[in-house]
Number of protein chains: 2
Amino acid sequence: MGNRLGNNRGQRKVNHLKRLAILGSTGSIGQSTLSIVEQFPERYQVAALSAGRNLDEACAQAIRWLPKVVSMATEELASELTTRLGQAGVNGIEVVYGTEGTVVCSTLPDVDFVVSAIVGVAGLEATHAAILAGKPVGLANKECMVAAGEILTQAARERNVPILPIDSEHNAVHQCLRVGAHSEVKTIWLTASGGPFRQLPLDQFAAITPEQALKHPTWVMGRRITIDSATMLNKGLEVIEACRLFDVSPSQVRVTVHPQSTVHSLVEFVDGSILAQISITDMRLPILYALAWPERPASTLTFDLAALRHLDFEEPDFARFPCLRLAFEAAQKGGAHCIALNAADEVAVEAFLARKIPFTGIPRTIEMVLASTPEAHPATIAEVLATDREARQTAHALLA
Amino acid sequence: MGNRLGNNRGQRKVNHLKRLAILGSTGSIGQSTLSIVEQFPERYQVAALSAGRNLDEACAQAIRWLPKVVSMATEELASELTTRLGQAGVNGIEVVYGTEGTVVCSTLPDVDFVVSAIVGVAGLEATHAAILAGKPVGLANKECMVAAGEILTQAARERNVPILPIDSEHNAVHQCLRVGAHSEVKTIWLTASGGPFRQLPLDQFAAITPEQALKHPTWVMGRRITIDSATMLNKGLEVIEACRLFDVSPSQVRVTVHPQSTVHSLVEFVDGSILAQISITDMRLPILYALAWPERPASTLTFDLAALRHLDFEEPDFARFPCLRLAFEAAQKGGAHCIALNAADEVAVEAFLARKIPFTGIPRTIEMVLASTPEAHPATIAEVLATDREARQTAHALLA
């Protein structure tokens, strides 16, 4: 590592300073995390970036943040990054690659906190490794919890490692849970925008086009998650995630449709009190919360409560959104069924976006894959990944 | 004390058991508190009742709950109660009276928790004495905090005595505050139903009758507090109460009109997160919260979140509700101005109910009394009570 960097660090080291590994640094959550680091240089420092395939952005981030390690998806990309950094006169950054490279980032001794924001099960091994290494994790990757939540949470409990949820709903729940004990929780209520088809007549669902489904009313997100919002499968994954993150049964999790996406979720306690969290729809807020927990730094991410007019809530329509029902059923069975739900959906969404199946084919595909999935509880990450592959193969075979 | 009672207590004593003094036991909050004791006999026991003037109810409560002490408003009532208890064959209950009697109740060595629910400044001395004696207090009497909050909270801080608010708004705030540190609080938002005249044209306010003003849309309460809700002076008193209870400045407290009275209040933190508390409009819930804090026992006081449809919020109209403005001004000045605000309002409301002044005469009277009140900070309860008497005299003189 270069001297310049070392000196910088020595000077900036204060009590609060957390050195971050950001897994998925070139994605939306990764970039938002870096904008938080930019706003709070006295609190956060970048120690490692796992950047995937976006070489230009990875190079720019490495030059800007001078981490100890950067990981790329492949050996070629890593090699190209090394060349570019050399040309830019930036030395002393170790460049690694692949799943192993991501694990190097998430377990680096210098790292105090890992932001897990790689989309899909690709981030699973590095997240697991981070927990095993005793690193607190800010989790933006819901597939990790859906596919391997039982393994991850058990490892975290054994090592007393906090997992701070970064998606807005679970982050809200995490906040609300602070007002009572775990044994006092009655129901976790996840809010859902209801997506663009909340009021569409049921007989028009089969004709929904990818273009229609990609328009989300309140959040701008990636393509798969936007489709998952339209089917409400996304909310179903969040139900499973909530069960694992907060150690509650699926019967303790409910969904309420709240089109304004202003209340991010609620927790109902056994005494009858319900706590709700309200804020702007900006991912930087849950990221900041996760990074700073248990503190709350002052930010400009304010919500104008005086401008609040109406909040609407309604029960979700399980006939319109069969994916939500399938997710509750998978949550009840746990293990392989949750993995298969996620894997089958990813394949089905790709097929829908490629216009190979209709919108209503997504839940149909998932239901068929689940029907052929045995009840099992993978005990290792390798078993989880094997189950994931099998479910994808089944889904592809069904769609072929 | 009778043997029978002693034996009962010995058998029932468990870890959780709190022995209560209920000041104002025959009022609405007092009766609700006793209904909580009835539901949780393993948690609560009645050690002392301060019952005021309702002899029949006081006698029934004494026979039902067998406290160590009962206090009545006067010597005659105390004497009559002693006679009646003797006739009923109930012995061993000490009967006391007056302010001194209430202080006996609130400072009884056997008492673990004091519910302060005497309306008006009458409960002030006993509440102060309870804090000085190191008893945790559940505070349902907002005049105590408005008139002597500076004295009470200082005494509580010095002795590390918790004051648990029992009115629904401050109770909600107390809950929301648990998700962050005091230094992280930006704004406390008190919700207000807006009362029956929220949408009445301004030029019709002068013609409002007591009958119209006594119809509150969501809560059934006493006469003065119902009128105070109609003028929003009640919300103003709550602003002052919030400043004292939670050690914040008036600029950190805001009011939002929320006609459904479902969100009981909100706390905005410096990071941008807002926490809200939602529950049914039933005073037993904040009472239970205060009694059980920091625990939350399971109760049947549930709110049907699935039935939640719309929540509306709007900014309060200071032109319609000048009492709210006057309260914020008094909060800013503190001390004698807060005492005078409360005292002048009580006199003005009586005059309004007696049809001596119009509805709009209430804020007019308060404003005049405040204008003639010097800025001062009474340092003792005696000084507070003297300031209170002076303000009442000024108000009476103005109205004569």
# chains A, B, ... in the order shown; residues from 1 in each chain; ligands from 1
call {"tool": "residues_around", "arguments": {"residues": "B:Glu169", "least_positions_apart": "2", "cutoff": "6 Å", "atoms": "only C-alpha atoms", "output": "ChimeraX atom specification"}}
result
/B:167,171-172,264-265
call {"tool": "write_last_selection", "arguments": {"atoms": "N, CA, C and O atoms", "output": "PDB file, in the first residue's frame"}}
result
ATOM      1  N   ASP B 167     -50.792  10.628  28.932  1.00  0.00           N
ATOM      2  CA  ASP B 167     -51.689  11.041  27.843  1.00  0.00           C
ATOM      3  C   ASP B 167     -51.155  10.465  26.531  1.00  0.00           C
ATOM      4  O   ASP B 167     -49.970  10.144  26.399  1.00  0.00           O
ATOM      5  N   ASN B 171     -47.200   9.822  25.479  1.00  0.00           N
ATOM      6  CA  ASN B 171     -46.886   8.404  25.582  1.00  0.00           C
ATOM      7  C   ASN B 171     -46.333   7.906  24.246  1.00  0.00           C
ATOM      8  O   ASN B 171     -45.345   7.162  24.201  1.00  0.00           O
ATOM      9  N   ALA B 172     -46.958   8.345  23.162  1.00  0.00           N
ATOM     10  CA  ALA B 172     -46.470   7.978  21.824  1.00  0.00           C
ATOM     11  C   ALA B 172     -45.059   8.509  21.613  1.00  0.00           C
ATOM     12  O   ALA B 172     -44.177   7.804  21.103  1.00  0.00           O
ATOM     13  N   HIS B 264     -50.653   8.734  17.168  1.00  0.00           N
ATOM     14  CA  HIS B 264     -50.782   9.508  18.404  1.00  0.00           C
ATOM     15  C   HIS B 264     -49.713  10.568  18.554  1.00  0.00           C
ATOM     16  O   HIS B 264     -49.879  11.501  19.347  1.00  0.00           O
ATOM     17  N   SER B 265     -48.635  10.414  17.863  1.00  0.00           N
ATOM     18  CA  SER B 265     -47.602  11.445  17.715  1.00  0.00           C
ATOM     19  C   SER B 265     -46.421  10.850  16.974  1.00  0.00           C
ATOM     20  O   SER B 265     -46.410   9.644  16.699  1.00  0.00           O
TER      21      SER B 265
END
call {"tool": "interface_residues", "arguments": {"of": "chain A", "to": "chain B", "cutoff": "9 Å", "atoms": "only C-alpha atoms", "output": "MDAnalysis selection string"}}
result
chainID A and resid 172 175:181 184 189 255:256 268:280 285 288:289 294:303 305:315
call {"tool": "atom_distance", "arguments": {"atom1": "atom CA of A:Ala379", "atom2": "atom CA of A:Gly149"}}
result
10.6 Å
call {"tool": "residues_around", "arguments": {"residues": "stretch 109-123 of chain A", "least_positions_apart": "6", "cutoff": "6 Å", "atoms": "only C-alpha atoms", "output": "MDAnalysis selection string"}}
result
chainID A and resid 18:24 135:141 143:144
call {"tool": "write_last_selection", "arguments": {"atoms": "all heavy atoms", "output": "CSV table (one decimal), in the first residue's frame"}}
result
chain,number,residue,atom,x,y,z
A,18,LYS,N,-15.1,4.1,10.5
A,18,LYS,CA,-15.3,2.8,10.1
A,18,LYS,C,-14.8,2.6,8.7
A,18,LYS,O,-15.0,3.4,7.8
A,18,LYS,CB,-16.8,2.5,10.1
A,18,LYS,CG,-17.5,2.2,11.4
A,18,LYS,CD,-18.9,1.8,11.3
A,18,LYS,CE,-19.6,1.8,12.7
A,18,LYS,NZ,-21.0,1.6,12.6
A,19,ARG,N,-14.0,1.5,8.6
A,19,ARG,CA,-13.4,1.2,7.2
A,19,ARG,C,-14.3,0.2,6.5
A,19,ARG,O,-14.5,-0.9,7.1
A,19,ARG,CB,-12.0,0.7,7.4
A,19,ARG,CG,-11.1,1.8,8.0
A,19,ARG,CD,-9.8,1.2,8.6
A,19,ARG,NE,-10.1,0.3,9.7
A,19,ARG,CZ,-9.2,-0.4,10.4
A,19,ARG,NH1,-7.9,-0.3,10.1
A,19,ARG,NH2,-9.6,-1.2,11.3
A,20,LEU,N,-14.8,0.6,5.4
A,20,LEU,CA,-15.8,-0.2,4.7
A,20,LEU,C,-15.3,-1.1,3.6
A,20,LEU,O,-14.4,-0.7,2.8
A,20,LEU,CB,-16.8,0.7,4.1
A,20,LEU,CG,-17.4,1.8,4.9
A,20,LEU,CD1,-18.5,2.6,4.1
A,20,LEU,CD2,-18.1,1.3,6.2
A,21,ALA,N,-15.9,-2.3,3.5
A,21,ALA,CA,-15.8,-3.0,2.2
A,21,ALA,C,-17.2,-2.9,1.6
A,21,ALA,O,-18.2,-3.2,2.2
A,21,ALA,CB,-15.5,-4.5,2.5
A,22,ILE,N,-17.2,-2.4,0.3
A,22,ILE,CA,-18.4,-2.3,-0.4
A,22,ILE,C,-18.5,-3.3,-1.5
A,22,ILE,O,-17.8,-3.2,-2.5
A,22,ILE,CB,-18.6,-0.8,-1.0
A,22,ILE,CG1,-18.4,0.2,0.2
A,22,ILE,CG2,-19.9,-0.7,-1.6
A,22,ILE,CD1,-18.4,1.6,-0.3
A,23,LEU,N,-19.3,-4.3,-1.3
A,23,LEU,CA,-19.5,-5.4,-2.3
A,23,LEU,C,-20.6,-4.9,-3.2
A,23,LEU,O,-21.8,-4.8,-2.8
A,23,LEU,CB,-19.9,-6.7,-1.6
A,23,LEU,CG,-19.0,-7.1,-0.4
A,23,LEU,CD1,-19.5,-8.4,0.1
A,23,LEU,CD2,-17.6,-7.0,-0.7
A,24,GLY,N,-20.3,-4.8,-4.5
A,24,GLY,CA,-21.3,-4.2,-5.4
A,24,GLY,C,-21.2,-2.7,-5.5
A,24,GLY,O,-22.1,-2.0,-5.6
A,135,LYS,N,-17.3,-9.6,10.9
A,135,LYS,CA,-17.6,-8.2,10.4
A,135,LYS,C,-19.1,-7.9,10.4
A,135,LYS,O,-19.9,-8.6,9.9
A,135,LYS,CB,-17.1,-8.1,8.9
A,135,LYS,CG,-15.8,-8.6,8.6
A,135,LYS,CD,-14.7,-7.8,9.1
A,135,LYS,CE,-13.3,-8.3,8.5
A,135,LYS,NZ,-12.2,-7.6,9.1
A,136,PRO,N,-19.5,-6.8,11.0
A,136,PRO,CA,-20.9,-6.3,10.9
A,136,PRO,C,-21.2,-6.1,9.4
A,136,PRO,O,-20.4,-5.6,8.6
A,136,PRO,CB,-20.9,-5.0,11.6
A,136,PRO,CG,-19.7,-5.0,12.5
A,136,PRO,CD,-18.6,-5.8,11.8
A,137,VAL,N,-22.4,-6.5,9.1
A,137,VAL,CA,-22.8,-6.4,7.6
A,137,VAL,C,-24.0,-5.5,7.5
A,137,VAL,O,-25.0,-5.6,8.2
A,137,VAL,CB,-23.2,-7.8,7.1
A,137,VAL,CG1,-23.8,-7.8,5.7
A,137,VAL,CG2,-21.9,-8.7,7.1
A,138,GLY,N,-24.0,-4.6,6.5
A,138,GLY,CA,-25.1,-3.9,6.0
A,138,GLY,C,-25.6,-4.6,4.8
A,138,GLY,O,-24.9,-4.7,3.8
A,139,LEU,N,-26.8,-5.2,4.9
A,139,LEU,CA,-27.3,-6.1,3.9
A,139,LEU,C,-28.3,-5.5,2.9
A,139,LEU,O,-29.4,-5.2,3.3
A,139,LEU,CB,-27.9,-7.3,4.5
A,139,LEU,CG,-28.2,-8.5,3.6
A,139,LEU,CD1,-26.9,-9.1,3.0
A,139,LEU,CD2,-29.0,-9.6,4.3
A,140,ALA,N,-27.9,-5.3,1.7
A,140,ALA,CA,-28.8,-4.7,0.7
A,140,ALA,C,-29.2,-5.8,-0.3
A,140,ALA,O,-30.0,-5.6,-1.2
A,140,ALA,CB,-28.1,-3.6,-0.1
A,141,ASN,N,-28.7,-7.0,-0.1
A,141,ASN,CA,-28.9,-8.1,-1.0
A,141,ASN,C,-30.0,-9.0,-0.4
A,141,ASN,O,-29.7,-9.8,0.5
A,141,ASN,CB,-27.6,-8.8,-1.3
A,141,ASN,CG,-27.8,-10.1,-2.0
A,141,ASN,OD1,-28.8,-10.8,-1.8
A,141,ASN,ND2,-26.8,-10.5,-2.8
A,143,GLU,N,-31.5,-11.5,-1.8
A,143,GLU,CA,-31.4,-12.9,-2.2
A,143,GLU,C,-30.6,-13.7,-1.2
A,143,GLU,O,-30.8,-14.9,-1.0
A,143,GLU,CB,-30.8,-13.1,-3.6
A,143,GLU,CG,-31.7,-12.6,-4.7
A,143,GLU,CD,-31.6,-11.1,-5.0
A,143,GLU,OE1,-30.9,-10.4,-4.3
A,143,GLU,OE2,-32.1,-10.7,-6.0
A,144,CYS,N,-29.5,-13.0,-0.6
A,144,CYS,CA,-28.7,-13.7,0.4
A,144,CYS,C,-29.6,-14.2,1.5
A,144,CYS,O,-29.5,-15.4,1.9
A,144,CYS,CB,-27.7,-12.7,1.0
A,144,CYS,SG,-26.2,-12.4,0.1
call {"tool": "atom_distance", "arguments": {"atom1": "atom CA of B:Arg224", "atom2": "atom CA of B:Lys142"}}
result
12.6 Å
call {"tool": "residues_around", "arguments": {"residues": "A:Ala391", "least_positions_apart": "2", "cutoff": "7 Å", "atoms": "only C-alpha atoms", "output": "count of residues only"}}
result
10
call {"tool": "select_by_dssp", "arguments": {"residues": "stretch 216-390 of chain B", "states": "strand (DSSP E)", "output": "compact mmCIF listing (two decimals) with C-alpha atoms, in the first residue's frame"}}
result
# COMPACT_ATOMS: atom_id res chain seq x y z
CA VAL B 253 -42.14 20.85 18.95
CA ARG B 254 -44.70 21.09 16.16
CA VAL B 255 -48.36 20.22 15.81
CA THR B 256 -49.95 18.36 12.92
CA VAL B 257 -53.71 18.05 12.61
CA VAL B 263 -51.21 8.28 14.85
CA HIS B 264 -50.78 9.51 18.40
CA SER B 265 -47.60 11.45 17.71
CA LEU B 266 -44.31 11.30 15.84
CA VAL B 267 -40.63 11.98 16.44
CA GLU B 268 -38.33 13.18 13.69
CA PHE B 269 -34.64 12.42 14.09
CA ILE B 274 -39.55 9.79 11.50
CA LEU B 275 -41.07 7.33 13.94
CA ALA B 276 -44.82 7.29 14.55
CA GLN B 277 -46.92 5.46 17.10
CA ILE B 278 -50.31 4.08 16.11
CA HIS B 310 -56.66 6.64 5.16
CA LEU B 311 -54.63 8.82 7.45
CA ASP B 312 -54.95 12.55 6.89
call {"tool": "closest_residue", "arguments": {"among": "B:Ser71, B:Thr231, B:Gln39, B:Thr153", "to": "B:Phe246", "atoms": "only C-alpha atoms"}}
result
B:Thr153
call {"tool": "select_by_dssp", "arguments": {"residues": "stretch 85-254 of chain A", "states": "alpha helix (DSSP H)", "output": "JSON, numbers by chain"}}
result
{"A": [85, 86, 87, 98, 99, 100, 101, 102, 103, 104, 105, 106, 107, 124, 125, 126, 127, 128, 129, 130, 131, 132, 142, 143, 144, 145, 146, 147, 148, 149, 150, 151, 152, 153, 154, 155, 156, 157, 158, 159, 168, 169, 170, 171, 172, 173, 174, 175, 176, 210, 211, 212, 213, 223, 224, 225, 226, 227, 228, 229, 230, 231, 233, 234, 235, 236, 237, 238, 239, 240, 241, 242, 243, 244, 245, 246]}
call {"tool": "atom_distance", "arguments": {"atom1": "atom CA of A:Pro322", "atom2": "atom CA of A:Leu385"}}
result
25.7 Å
